[in-house]
Amino acid sequence: MTVTKGYRDKIYIVKDIIVLLAQHGHLNQTTLVSYSGLNLKKHKHILEELESNGMIAKSIVEDGKRIITIYKVTSKGLEFCRNIIEPYEELFPRKPSGTQNNLLIILI
């Protein structure tokens, strides 16, 4: 079952991916995308970017005719999450899902 999440800034998607991989050790691509509430076609570039920056590692496992992509978090990814993303989230907490930005318009 896929859990649909509302809009999230990219920084929170990155944190969700790193935290999920840290909690589970490693996940195949389908499970990671499902658990994090992402669309693979739409968000694959984020996984590729995290891999190219050394935040996560990707390995390919062949199971007969199937090719399975496995992701795991790296120590660099964990350090990035602890030192950059968590302090960022303290300063700019996530908005509760279902709320919309309320704009205050002041006419001068």
# chains A, B, ... in the order shown; residues from 1 in each chain; ligands from 1
>>> select_by_dssp(residues="chain A", states="strand (DSSP E or B)", output="JSON, numbers by chain")
{"A": [27, 28, 56, 57, 58, 59, 60, 61, 62, 63, 66, 67, 68, 69, 70, 71, 72, 73]}
>>> write_last_selection(atoms="C-alpha atoms", output="PDB file, in the first residue's frame")
ATOM      1  CA  LEU A  27      15.828  -1.128   0.735  1.00  0.00           C
ATOM      2  CA  ASN A  28      15.115  -2.068  -2.840  1.00  0.00           C
ATOM      3  CA  ILE A  56      23.473   6.891  -0.586  1.00  0.00           C
ATOM      4  CA  ALA A  57      24.971   3.872  -2.312  1.00  0.00           C
ATOM      5  CA  LYS A  58      23.275   1.850  -5.021  1.00  0.00           C
ATOM      6  CA  SER A  59      23.974  -1.763  -5.861  1.00  0.00           C
ATOM      7  CA  ILE A  60      22.454  -4.024  -8.480  1.00  0.00           C
ATOM      8  CA  VAL A  61      21.470  -7.593  -7.650  1.00  0.00           C
ATOM      9  CA  GLU A  62      20.468 -10.088 -10.314  1.00  0.00           C
ATOM     10  CA  ASP A  63      17.794 -12.583  -9.302  1.00  0.00           C
ATOM     11  CA  ARG A  66      15.091  -9.786 -12.556  1.00  0.00           C
ATOM     12  CA  ILE A  67      17.458  -6.953 -11.788  1.00  0.00           C
ATOM     13  CA  ILE A  68      16.939  -5.476  -8.321  1.00  0.00           C
ATOM     14  CA  THR A  69      18.307  -2.065  -7.341  1.00  0.00           C
ATOM     15  CA  ILE A  70      19.255  -1.821  -3.658  1.00  0.00           C
ATOM     16  CA  TYR A  71      19.964   1.451  -1.844  1.00  0.00           C
ATOM     17  CA  LYS A  72      21.691   2.017   1.492  1.00  0.00           C
ATOM     18  CA  VAL A  73      22.708   5.181   3.311  1.00  0.00           C
TER      19      VAL A  73
END
>>> select_by_dssp(residues="chain A", states="helix (DSSP H, G or I)", output="count of residues only")
52
>>> residues_around(residues="stretch 87-90 of chain A", least_positions_apart="6", cutoff="12 Å", atoms="only C-alpha atoms", output="list of chain:residue names")
A:Asp9, A:Ile11, A:Tyr12, A:Ile13, A:Val14, A:Lys15, A:Asp16, A:Glu79, A:Phe80, A:Cys81
>>> closest_residue(among="A:Ile18, A:Arg94, A:Ile85, A:Gly25", to="A:Leu47", atoms="only C-alpha atoms")
A:Ile18
>>> closest_residue(among="A:His26, A:Tyr7, A:Met55, A:Leu32", to="A:Lys76", atoms="only C-alpha atoms")
A:Met55
>>> atom_distance(atom1="atom CA of A:Tyr35", atom2="atom CA of A:Leu20")
7.8 Å
